[in-house]
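Undergrad: My file is query_22.txt. It has compact mmCIF, C-alpha atoms (C1' of nucleotides):
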# COMPACT_ATOMS: atom_id res chain seq x y z
CA MET I 1 11.59 6.06 15.05
CA ALA I 2 9.71 4.76 12.06
CA THR I 3 9.08 1.37 13.59
CA ASP I 4 7.93 2.78 16.89
CA ASP I 5 5.59 5.07 15.10
CA LEU I 6 4.12 2.22 13.11
CA MET I 7 3.70 0.08 16.17
CA THR I 8 1.97 2.90 17.96
CA ARG I 9 -0.43 3.32 15.13
CA ALA I 10 -1.09 -0.38 14.98
CA LEU I 11 -1.95 -0.42 18.64
CA GLU I 12 -4.12 2.62 18.26
CA ALA I 13 -5.87 0.94 15.42
CA LEU I 14 -6.68 -1.94 17.70
CA GLY I 15 -7.86 0.20 20.58
CA ASP I 16 -11.41 -0.77 21.42
CA ASP I 17 -13.16 -4.04 20.73
CA GLY I 18 -11.46 -6.90 22.47
CA PRO I 19 -11.50 -10.30 20.75
CA LEU I 20 -10.53 -9.18 17.30
CA SER I 21 -7.72 -7.09 18.64
CA VAL I 22 -6.05 -9.83 20.55
CA GLU I 23 -6.10 -12.06 17.56
CA ALA I 24 -4.93 -9.23 15.33
CA ILE I 25 -2.03 -8.32 17.57
CA HIS I 26 -1.09 -11.93 17.70
CA ARG I 27 -0.97 -12.10 13.95
CA LEU I 28 0.82 -8.83 13.62
CA ALA I 29 3.61 -9.71 15.94
CA ASP I 30 3.99 -13.45 16.40
CA LEU I 31 6.37 -14.84 13.90
CA GLY I 32 9.65 -16.46 14.68
CA ASP I 33 8.51 -18.96 17.24
CA LEU I 34 7.14 -21.08 14.47
CA PRO I 35 7.50 -24.85 14.63
CA GLU I 36 9.85 -26.26 12.06
CA MET I 37 7.17 -28.48 10.61
CA MET I 38 3.42 -28.17 10.72
CA THR I 39 0.48 -30.18 9.43
CA ILE I 40 -2.24 -28.67 7.32
CA ALA I 41 -4.60 -28.71 10.27
CA GLU I 42 -2.16 -26.80 12.41
CA VAL I 43 -1.57 -24.18 9.77
CA ALA I 44 -5.27 -23.88 9.11
CA ASP I 45 -5.74 -23.34 12.80
CA LEU I 46 -2.98 -20.79 12.98
CA LEU I 47 -4.34 -18.78 10.09
CA ASP I 48 -7.94 -19.35 10.95
CA ILE I 49 -8.80 -20.62 7.52
CA SER I 50 -9.93 -24.06 6.43
CA PRO I 51 -7.63 -26.81 5.16
CA HIS I 52 -9.76 -26.66 2.03
CA THR I 53 -8.70 -23.09 1.48
CA LEU I 54 -5.08 -23.93 2.12
CA ARG I 55 -5.18 -26.60 -0.54
CA TYR I 56 -6.96 -24.19 -2.81
CA TYR I 57 -4.18 -21.63 -2.46
CA GLU I 58 -1.69 -24.27 -3.32
CA ARG I 59 -3.66 -25.35 -6.37
CA ALA I 60 -3.87 -21.70 -7.32
CA GLY I 61 -0.09 -21.65 -7.48
CA LEU I 62 0.57 -19.37 -4.53
CA VAL I 63 2.80 -21.83 -2.68
CA GLU I 64 4.42 -25.17 -3.10
CA VAL I 65 4.20 -27.45 -0.12
CA ALA I 66 6.35 -30.51 0.46
CA ARG I 67 4.90 -33.94 1.27
CA ASP I 68 5.93 -36.58 3.77
CA GLY I 69 6.13 -40.30 3.17
CA ASN I 70 2.36 -40.63 3.22
CA GLY I 71 1.82 -37.86 0.76
CA HIS I 72 0.65 -35.56 3.53
CA ARG I 73 1.54 -31.88 3.35
CA VAL I 74 4.38 -30.67 5.50
CA TYR I 75 4.53 -26.94 6.08
CA ASP I 76 7.95 -25.70 7.06
CA ALA I 77 8.49 -22.31 8.67
CA GLU I 78 9.23 -20.57 5.42
CA VAL I 79 6.08 -21.80 3.76
CA VAL I 80 4.07 -20.90 6.82
CA ARG I 81 5.49 -17.40 6.69
CA ARG I 82 4.42 -17.13 3.11
CA MET I 83 0.98 -18.36 4.02
CA VAL I 84 0.77 -15.75 6.74
CA PHE I 85 1.70 -13.13 4.21
CA LEU I 86 -0.82 -14.38 1.69
CA THR I 87 -3.60 -14.59 4.22
CA ARG I 88 -2.89 -11.10 5.42
CA MET I 89 -2.91 -9.71 1.92
CA ARG I 90 -6.13 -11.50 1.11
CA LEU I 91 -7.66 -10.06 4.22
CA SER I 92 -6.67 -6.62 3.14
CA GLY I 93 -8.47 -7.19 -0.12
CA MET I 94 -5.70 -7.97 -2.55
CA PRO I 95 -7.11 -10.19 -5.29
CA MET I 96 -5.65 -13.64 -5.89
CA ARG I 97 -4.52 -12.60 -9.33
CA ASP I 98 -2.29 -9.84 -7.93
CA LEU I 99 -1.03 -12.16 -5.27
CA ARG I 100 -0.08 -14.67 -7.91
CA HIS I 101 1.79 -11.97 -9.74
CA TYR I 102 3.62 -10.87 -6.62
CA ILE I 103 4.57 -14.41 -5.75
CA SER I 104 5.88 -15.00 -9.24
CA LEU I 105 8.09 -11.96 -8.78
CA VAL I 106 9.36 -13.23 -5.47
CA ASP I 107 10.12 -16.58 -6.99
CA SER I 108 12.04 -15.15 -9.87
CA GLY I 109 14.76 -13.56 -7.84
CA ALA I 110 16.01 -10.48 -6.07
CA HIS I 111 16.13 -8.36 -9.19
CA THR I 112 12.35 -8.07 -9.06
CA VAL I 113 12.42 -6.14 -5.81
CA PRO I 114 11.59 -2.80 -7.43
CA GLU I 115 8.61 -4.29 -9.19
CA ARG I 116 7.47 -5.92 -5.98
CA LEU I 117 7.61 -2.56 -4.33
CA ASP I 118 5.43 -1.15 -7.06
CA VAL I 119 2.87 -3.80 -6.32
CA LEU I 120 3.02 -3.13 -2.61
CA VAL I 121 2.78 0.61 -3.00
CA GLU I 122 -0.16 0.29 -5.29
CA HIS I 123 -1.88 -1.99 -2.87
CA ARG I 124 -1.12 0.39 -0.04
CA ASP I 125 -2.86 3.13 -1.97
CA THR I 126 -5.81 0.86 -2.62
CA ILE I 127 -6.15 0.17 1.08
CA ARG I 128 -5.93 3.86 1.86
CA ARG I 129 -8.60 4.65 -0.67
CA ARG I 130 -10.84 1.97 0.74
CA ILE I 131 -10.36 3.27 4.26
CA ARG I 132 -11.32 6.73 3.10
CA GLU I 133 -14.41 5.40 1.40
CA LEU I 134 -15.41 3.46 4.45
CA THR I 135 -14.79 6.38 6.73
CA LEU I 136 -17.09 8.42 4.59
CA SER I 137 -19.75 5.72 4.63
CA LEU I 138 -19.35 5.41 8.35
CA THR I 139 -19.98 9.10 8.78
CA ALA I 140 -23.06 8.89 6.64
CA VAL I 141 -24.44 5.92 8.53
CA GLU I 142 -23.70 7.55 11.86
CA TYR I 143 -25.45 10.65 10.69
CA LYS I 144 -28.47 8.67 9.68
CA ILE I 145 -28.54 6.86 12.96
CA ALA I 146 -28.32 10.18 14.74
CA THR I 147 -31.17 11.78 12.81
CA TYR I 148 -33.25 8.67 13.23
CA GLY I 149 -32.83 9.15 16.95
CA GLY I 150 -30.55 6.17 17.19
CA SER I 151 -28.37 4.97 19.98
CA THR I 152 -25.47 7.21 19.06
CA GLY I 153 -26.24 10.06 21.43
CA PRO I 154 -27.59 9.88 24.97
CA ASP I 155 -31.04 11.39 24.37
CA VAL I 156 -33.05 9.31 21.96
CA GLN I 157 -35.73 11.12 20.02
CA THR I 158 -37.61 8.72 17.83
CA LEU I 159 -39.08 10.24 14.72
CA GLY I 160 -39.94 13.90 14.53
CA THR I 161 -36.33 14.82 14.18
CA THR I 162 -36.49 13.22 10.83
CA THR I 163 -39.30 15.38 9.55
CA GLY I 164 -36.97 18.25 8.78
CA THR I 165 -34.84 18.63 5.70
CA ASP I 166 -32.33 15.86 5.32
CA ARG I 167 -29.53 18.12 4.18
CA MET I 168 -26.97 15.38 4.22
CA ALA I 169 -27.42 12.22 2.21
CA MET I 170 -28.80 8.90 3.49
CA PRO I 171 -32.49 9.34 2.77
CA ASP I 172 -34.97 6.58 2.49
CA GLU I 173 -38.19 7.38 4.19
CA PRO I 174 -38.28 9.34 7.44
CA LEU I 175 -38.72 12.42 5.31
CA ARG I 176 -42.24 12.76 3.99
CA ARG I 177 -43.54 10.26 6.53
CA ALA I 178 -45.07 12.99 8.68
CA VAL I 179 -48.23 10.92 8.81
CA PRO I 180 -47.14 7.31 8.56
CA ALA I 181 -49.29 4.85 6.74
CA GLU I 182 -49.31 1.99 9.18
CA MET X 1 -22.40 20.05 17.83
CA ALA X 2 -22.93 16.54 16.63
CA THR X 3 -23.53 17.56 13.06
CA ASP X 4 -20.55 19.86 12.92
CA ASP X 5 -18.41 17.15 14.33
CA LEU X 6 -19.58 14.68 11.74
CA MET X 7 -19.04 17.11 8.92
CA THR X 8 -15.57 17.86 10.14
CA ARG X 9 -14.75 14.22 10.22
CA ALA X 10 -16.17 13.72 6.76
CA LEU X 11 -13.99 16.47 5.39
CA GLU X 12 -10.99 15.10 7.19
CA ALA X 13 -11.73 11.74 5.71
CA LEU X 14 -11.55 13.26 2.27
CA GLY X 15 -8.35 15.16 2.88
CA ASP X 16 -5.81 14.11 0.28
CA ASP X 17 -6.36 12.52 -3.10
CA GLY X 18 -8.31 14.83 -5.35
CA PRO X 19 -10.73 13.24 -7.84
CA LEU X 20 -12.33 10.73 -5.56
CA SER X 21 -12.82 13.31 -2.88
CA VAL X 22 -14.64 15.80 -5.05
CA GLU X 23 -16.97 13.11 -6.22
CA ALA X 24 -17.42 11.85 -2.71
CA ILE X 25 -18.22 15.26 -1.28
CA HIS X 26 -20.66 15.74 -4.06
CA ARG X 27 -22.43 12.56 -3.16
CA LEU X 28 -22.31 13.24 0.51
CA ALA X 29 -23.88 16.66 0.29
CA ASP X 30 -25.80 17.13 -2.92
CA LEU X 31 -29.36 16.08 -2.50
CA GLY X 32 -32.34 18.32 -2.79
CA ASP X 33 -31.57 19.92 -6.09
CA LEU X 34 -32.75 16.76 -7.76
CA PRO X 35 -34.81 16.96 -10.94
CA GLU X 36 -38.39 15.86 -10.50
CA MET X 37 -38.03 13.19 -13.14
CA MET X 38 -34.98 11.41 -14.44
CA THR X 39 -34.30 8.80 -17.08
CA ILE X 40 -32.37 5.66 -16.32
CA ALA X 41 -29.34 7.04 -18.11
CA GLU X 42 -29.36 10.17 -16.00
CA VAL X 43 -29.64 8.25 -12.78
CA ALA X 44 -26.94 5.85 -13.88
CA ASP X 45 -24.77 8.82 -14.59
CA LEU X 46 -25.54 10.44 -11.29
CA LEU X 47 -24.74 7.32 -9.32
CA ASP X 48 -21.90 6.23 -11.53
CA ILE X 49 -23.32 2.79 -12.06
CA SER X 50 -24.61 1.18 -15.24
CA PRO X 51 -28.25 1.15 -16.34
CA HIS X 52 -27.88 -2.63 -16.23
CA THR X 53 -27.15 -2.46 -12.55
CA LEU X 54 -30.01 -0.11 -11.98
CA ARG X 55 -32.41 -2.53 -13.61
CA TYR X 56 -30.83 -5.32 -11.64
CA TYR X 57 -31.53 -3.56 -8.35
CA GLU X 58 -35.10 -3.16 -9.41
CA ARG X 59 -35.41 -6.81 -10.32
CA ALA X 60 -33.88 -7.63 -6.98
CA GLY X 61 -36.79 -5.88 -5.33
CA LEU X 62 -34.95 -2.92 -3.88
CA VAL X 63 -37.07 -0.29 -5.60
CA GLU X 64 -40.12 0.06 -7.74
CA VAL X 65 -39.81 2.47 -10.59
CA ALA X 66 -42.71 3.95 -12.55
CA ARG X 67 -42.93 3.81 -16.34
CA ASP X 68 -43.94 6.39 -18.90
CA GLY X 69 -46.17 5.85 -21.92
CA ASN X 70 -43.42 4.04 -23.75
CA GLY X 71 -42.70 1.71 -20.89
CA HIS X 72 -39.51 3.60 -20.09
CA ARG X 73 -38.50 4.01 -16.49
CA VAL X 74 -39.16 7.33 -14.84
CA TYR X 75 -37.20 8.01 -11.69
CA ASP X 76 -38.78 10.62 -9.47
CA ALA X 77 -36.86 12.37 -6.71
CA GLU X 78 -37.95 9.97 -4.02
CA VAL X 79 -36.85 6.92 -5.95
CA VAL X 80 -33.58 8.61 -6.82
CA ARG X 81 -32.99 9.32 -3.16
CA ARG X 82 -33.57 5.69 -2.39
CA MET X 83 -31.15 4.72 -5.13
CA VAL X 84 -28.56 7.04 -3.66
CA PHE X 85 -29.06 5.40 -0.32
CA LEU X 86 -28.82 1.93 -1.77
CA THR X 87 -25.73 2.73 -3.78
CA ARG X 88 -24.06 4.24 -0.78
CA MET X 89 -24.82 1.24 1.36
CA ARG X 90 -23.58 -1.12 -1.31
CA LEU X 91 -20.40 0.87 -1.52
CA SER X 92 -19.93 0.52 2.19
CA GLY X 93 -20.21 -3.22 1.80
CA MET X 94 -23.73 -3.96 2.93
CA PRO X 95 -24.89 -7.12 1.14
CA MET X 96 -27.95 -7.01 -1.10
CA ARG X 97 -29.76 -9.38 1.22
CA ASP X 98 -29.51 -6.98 4.14
CA LEU X 99 -30.49 -4.11 1.94
CA ARG X 100 -33.55 -6.03 0.86
CA HIS X 101 -34.43 -6.58 4.47
CA TYR X 102 -33.96 -2.95 5.36
CA ILE X 103 -36.06 -1.83 2.42
CA SER X 104 -38.82 -4.19 3.38
CA LEU X 105 -38.81 -2.61 6.82
CA VAL X 106 -39.02 0.85 5.35
CA ASP X 107 -41.88 -0.20 3.16
CA SER X 108 -43.85 -1.69 5.98
CA GLY X 109 -44.29 1.48 7.93
CA ALA X 110 -42.99 3.73 10.66
CA HIS X 111 -43.36 1.14 13.39
CA THR X 112 -40.28 -0.62 12.04
CA VAL X 113 -38.02 2.30 12.88
CA PRO X 114 -36.43 0.59 15.88
CA GLU X 115 -35.66 -2.47 13.83
CA ARG X 116 -34.22 -0.30 11.07
CA LEU X 117 -31.98 1.31 13.63
CA ASP X 118 -30.78 -2.10 14.69
CA VAL X 119 -29.80 -2.83 11.12
CA LEU X 120 -28.03 0.49 10.77
CA VAL X 121 -26.18 0.15 14.02
CA GLU X 122 -25.06 -3.31 13.17
CA HIS X 123 -23.85 -2.14 9.81
CA ARG X 124 -22.06 0.77 11.43
CA ASP X 125 -20.21 -1.68 13.61
CA THR X 126 -19.33 -3.79 10.60
CA ILE X 127 -17.87 -0.77 8.86
CA ARG X 128 -15.88 0.14 11.96
CA ARG X 129 -14.53 -3.37 12.22
CA ARG X 130 -13.55 -3.32 8.58
CA ILE X 131 -11.78 0.00 8.96
CA ARG X 132 -9.84 -1.36 11.88
CA GLU X 133 -8.84 -4.42 9.89
CA LEU X 134 -7.77 -2.33 6.97
CA THR X 135 -5.82 0.06 9.14
CA LEU X 136 -3.96 -2.88 10.52
CA SER X 137 -3.25 -4.24 7.07
CA LEU X 138 -2.16 -0.82 5.96
CA THR X 139 0.33 -0.63 8.77
CA ALA X 140 1.69 -4.02 7.88
CA VAL X 141 2.06 -3.15 4.21
CA GLU X 142 3.68 0.17 5.05
CA TYR X 143 6.08 -1.62 7.32
CA LYS X 144 6.97 -4.05 4.60
CA ILE X 145 7.49 -1.25 2.11
CA ALA X 146 9.72 0.50 4.61
CA THR X 147 11.90 -2.52 5.32
CA TYR X 148 12.11 -3.24 1.62
CA GLY X 149 13.57 0.23 1.22
CA GLY X 150 10.42 1.55 -0.40
CA SER X 151 9.27 5.04 -1.16
CA THR X 152 7.80 5.63 2.27
CA GLY X 153 10.73 7.46 3.77
CA PRO X 154 13.04 9.98 2.12
CA ASP X 155 16.22 7.92 2.06
CA VAL X 156 15.76 4.79 0.01
CA GLN X 157 17.96 1.85 0.87
CA THR X 158 17.30 -1.00 -1.49
CA LEU X 159 17.94 -4.42 -0.02
CA GLY X 160 20.36 -4.98 2.80
CA THR X 161 17.97 -3.52 5.30
CA THR X 162 15.91 -6.59 4.77
CA THR X 163 18.60 -9.00 5.77
CA GLY X 164 17.95 -8.44 9.47
CA THR X 165 15.31 -10.13 11.56
CA ASP X 166 11.81 -9.42 10.36
CA ARG X 167 10.32 -9.02 13.79
CA MET X 168 7.01 -7.84 12.53
CA ALA X 169 4.94 -9.89 10.12
CA MET X 170 4.85 -9.59 6.33
CA PRO X 171 7.59 -11.97 5.35
CA ASP X 172 8.02 -13.52 2.00
CA GLU X 173 11.56 -13.52 0.87
CA PRO X 174 13.89 -10.67 1.68
CA LEU X 175 14.91 -12.65 4.72
CA ARG X 176 17.18 -15.53 3.95
CA ARG X 177 18.06 -14.10 0.56
CA ALA X 178 21.50 -13.00 1.73
CA VAL X 179 22.90 -14.54 -1.41
CA PRO X 180 20.18 -14.29 -4.05
CA ALA X 181 19.82 -17.02 -6.62
CA GLU X 182 19.40 -15.00 -9.78
C1' DT Y 1 -38.88 6.00 -45.29
C1' DT Y 2 -35.09 4.37 -43.20
C1' DT Y 3 -31.80 4.84 -39.85
C1' DT Y 4 -30.10 6.08 -35.31
C1' DG Y 5 -30.56 5.95 -30.64
C1' DC Y 6 -32.42 5.11 -26.33
C1' DG Y 7 -35.03 2.41 -24.04
C1' DT Y 8 -37.45 -2.31 -22.85
C1' DT Y 9 -37.57 -7.71 -21.13
C1' DC Y 10 -35.59 -11.99 -20.40
C1' DG Y 11 -32.37 -15.30 -19.46
C1' DA Y 12 -27.79 -16.72 -19.56
C1' DG Y 13 -22.98 -16.12 -18.36
C1' DC Y 14 -19.03 -14.64 -15.73
C1' DG Y 15 -15.32 -13.80 -12.29
C1' DC Y 16 -14.15 -14.38 -7.83
C1' DG Y 17 -13.12 -17.03 -3.86
C1' DC Y 18 -14.03 -20.37 -1.80
C1' DT Y 19 -16.57 -24.79 -0.21
C1' DC Y 20 -17.93 -29.32 -0.47
C1' DG Y 21 -18.30 -34.27 -1.26
C1' DA Y 22 -16.85 -38.57 -3.06
C1' DA Y 23 -13.54 -42.02 -3.10
C1' DG Y 24 -9.36 -43.54 -1.73
C1' DT Y 25 -4.91 -44.24 1.45
C1' DC Y 26 -2.69 -44.73 5.62
C1' DC Y 27 -1.96 -45.07 10.69
C1' DT Y 28 -3.38 -45.94 15.33
C1' DA Y 29 -6.37 -47.50 19.13
C1' DG Y 30 -9.55 -50.74 20.80
C1' DC G 1 -9.34 -57.52 12.75
C1' DT G 2 -11.82 -53.57 12.55
C1' DA G 3 -13.14 -48.96 13.15
C1' DG G 4 -11.99 -44.12 13.38
C1' DG G 5 -9.74 -40.31 12.03
C1' DA G 6 -6.71 -37.43 9.51
C1' DC G 7 -5.15 -36.92 5.42
C1' DT G 8 -4.99 -37.17 -0.04
C1' DT G 9 -6.87 -35.86 -5.13
C1' DC G 10 -10.29 -34.45 -8.16
C1' DG G 11 -14.01 -32.14 -9.94
C1' DA G 12 -18.23 -29.98 -9.22
C1' DG G 13 -21.09 -26.55 -6.99
C1' DC G 14 -22.29 -22.25 -4.82
C1' DG G 15 -23.29 -17.40 -3.46
C1' DC G 16 -22.61 -13.00 -4.72
C1' DG G 17 -23.08 -9.11 -7.65
C1' DC G 18 -23.16 -7.90 -11.45
C1' DT G 19 -22.72 -7.91 -16.82
C1' DC G 20 -24.02 -8.95 -21.23
C1' DG G 21 -26.50 -10.01 -25.49
C1' DA G 22 -30.45 -11.01 -28.15
C1' DA G 23 -34.67 -9.50 -29.79
C1' DC G 24 -37.73 -6.10 -29.68
C1' DG G 25 -40.44 -1.07 -29.42
C1' DC G 26 -40.84 3.65 -30.19
C1' DA G 27 -39.63 8.29 -31.78
C1' DA G 28 -37.13 11.91 -33.68
C1' DA G 29 -33.53 13.06 -37.34
C1' DA G 30 -31.66 12.42 -42.06
In structure tokens, what does this structure look like?
TA:
Amino acid sequence: MATDDLMTRALEALGDDGPLSVEAIHRLADLGDLPEMMTIAEVADLLDISPHTLRYYERAGLVEVARDGNGHRVYDAEVVRRMVFLTRMRLSGMPMRDLRHYISLVDSGAHTVPERLDVLVEHRDTIRRRIRELTLSLTAVEYKIATYGGSTGPDVQTLGTTTGTDRMAMPDEPLRRAVPAE
Amino acid sequence: MATDDLMTRALEALGDDGPLSVEAIHRLADLGDLPEMMTIAEVADLLDISPHTLRYYERAGLVEVARDGNGHRVYDAEVVRRMVFLTRMRLSGMPMRDLRHYISLVDSGAHTVPERLDVLVEHRDTIRRRIRELTLSLTAVEYKIATYGGSTGPDVQTLGTTTGTDRMAMPDEPLRRAVPAE
DNA sequence: TTTTGCGTTCGAGCGCGCTCGAAGTCCTAG
DNA sequence: CTAGGACTTCGAGCGCGCTCGAACGCAAAA
């Protein structure tokens, strides 16, 4: 029940807009058919980040990666999974510092699970807040586009609409520009 | 129709979570009962940013603000409206550089309206994309919280649930930790 | 008259998250 | 034998958006 619901919502979230969705779905679902060993280039490719960044994360203490005989990094499945996690959290806006904290909890044993949950829950709330903020901004921008006579609706009325009172936010000029200067 | 719809969505967006919402609604709606003249401190207060930042935006060429006899900044209603706009756009993640561009369009006359719309539409799409990303991340985090036995559902099962196959993303440890080290 | 307080300018500094380049090692293909 | 390419470490640099502090000006209150 819960899982199905989540999946449904994930798919809904994807909805329109092709390319990003495919990639996103891929990342959301595909784990398990991971190669046993991967090179830095392969992992970078998988996560769509640069090898530079991967090394940087390692330097930052977020993962430890084994080396082969030549001193080259060897990413095993577990490490790759962690990298996937880290990348995902970064993408959702969690700062490195928090990630470091979380990782240190993970590395210090199962008894830190409650504290890890605290971190996750807090981050969840942060994401929710951010989504709400963005939704609000989106509304405002859409409104402005609409009153500008933008491409939101079918009938485009350029200027004139904007001479009236801008009762809702998003002002810059179209008010007061009854007789433009140009 | 369109306006009502937008307003509805804005209110929906606020929904839960008190303090932020009140503030947000305030910002979304309240414009028009602006004082004719405001000091930097008042504007800073209104926008909930520091006077430092306000001066910084000015230095960055986003607004020009008049001075009084003492060389102190005097924000008139128009400038304040622009500041509100700028702040809102910043909050929604538009980079300063784009804002500078937009402002330069505004300042160069009504004939730039189409180009301004382009900017707005593009930004709208950016916000939408970001919301989609965040929604996805949110789902993933919620899933992880759930499988951890977090506070998402009513019945909390700590550990044990997490021993199974993590079919969906977000792995770090709870797998493979059948016999924890600690 | 001195102090308090709010403002000014200017330039430097900071935190974050990369991003890059130099210099070196090693393996493989031509 | 040599050239190319993928990797390594290390440290520096960068873009962004503030954020701060020093040194100063002016005006009303103590």
Undergrad: Would you give the centre and edge lengths, in Å to one decimal, of a box along x, y and z around the listed atoms of stretch 3-16 of chain Y, with 5 Å added to each side, as AutoDock Vina command-line options?
TA:
--center_x -25.9 --center_y -5.3 --center_z -23.8 --size_x 33.4 --size_y 32.8 --size_z 42.0
Undergrad: Select residues of chain X: the criterion is any atom within 10 Å of an atom of chain Y, counting only C-alpha atoms (C1' of nucleotides); output as a list of chain:residue names.
TA: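 Contact residues on the first chain: X:Thr39, X:Ile40, X:Ala41, X:Asn70, X:Gly71, X:His72, X:Arg73.
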Undergrad: Measuring atom to atom with all atoms listed in the file, identify which of X:His123, X:Arg129, X:Arg82, X:Arg55 is nearest to chain I.
TA: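 Closest to chain I of all the choices is X:Arg82.
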Undergrad: Figure out the distance between atom CA of I:Ala60 and atom C1' of G:DC16, please, to one decimal in Å.
TA: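 Value for the atom C1' of G:DC16-atom CA of I:Ala60 distance: 20.8 Å.
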Undergrad: Report, in Å with one decimal, the straight-line distance from atom CA of I:Val65 to atom CA of I:Thr112.
TA: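 Straight-line distance from atom CA of I:Val65 to atom CA of I:Thr112 works out to 22.8 Å.
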Undergrad: Please identify all residues of chain G having at least one atom at most 12 Å from any atom of chain I, considering all atoms listed in the file, and return them as a ChimeraX atom specification.
TA: /G:6-10
Undergrad: Using C-alpha atoms (C1' of nucleotides), can you export the residues from the last selection as a compact mmCIF listing (two decimals), keeping the file's coordinate frame?
TA:
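Final output, selection.txt:
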# COMPACT_ATOMS: atom_id res chain seq x y z
C1' DA G 6 -6.71 -37.43 9.51
C1' DC G 7 -5.15 -36.92 5.42
C1' DT G 8 -4.99 -37.17 -0.04
C1' DT G 9 -6.87 -35.86 -5.13
C1' DC G 10 -10.29 -34.45 -8.16
Undergrad: Would you mind reading off the distance between atom CA of X:Ile103 and atom CA of X:Arg81, one decimal, in Å?
TA: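 Separating atom CA of X:Ile103 from atom CA of X:Arg81 is a distance of 12.8 Å.
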Undergrad: With all atoms listed in the file as the basis for distance, which of X:Asp98, X:Glu58, X:Asp45, X:Glu78 is at the shortest distance from chain I?
TA: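 Between X:Asp98, X:Glu58, X:Asp45, X:Glu78, the residue approaching chain I most closely is X:Glu78.
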Undergrad: Taking (10.8, -25.4, 13.7) as a centre in this file's frame and 12 Å as the limit, can you find every polymer residue with an atom that close, using all atoms listed in the file, and give them as a list of chain:residue names?
TA: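 The distance filter leaves exactly I:Leu31, I:Gly32, I:Asp33, I:Leu34, I:Pro35, I:Glu36, I:Met37, I:Met38, I:Val74, I:Tyr75, I:Asp76, I:Ala77, I:Glu78, I:Val79, I:Val80, I:Arg81.
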Undergrad: Pick from I:Val113, I:Val141, I:Val119, I:Val43: nearest to I:Pro95, with only C-alpha atoms counted?
TA: I:Val119
Undergrad: Contacts of stretch 89-94 of chain I at 8 Å or less, counting all atoms listed in the file, minus same-chain residues fewer than 4 places along, as a PyMOL selection string?
TA: (chain I and resi 85+98-99+123+127) or (chain X and resi 133-134+137-138)
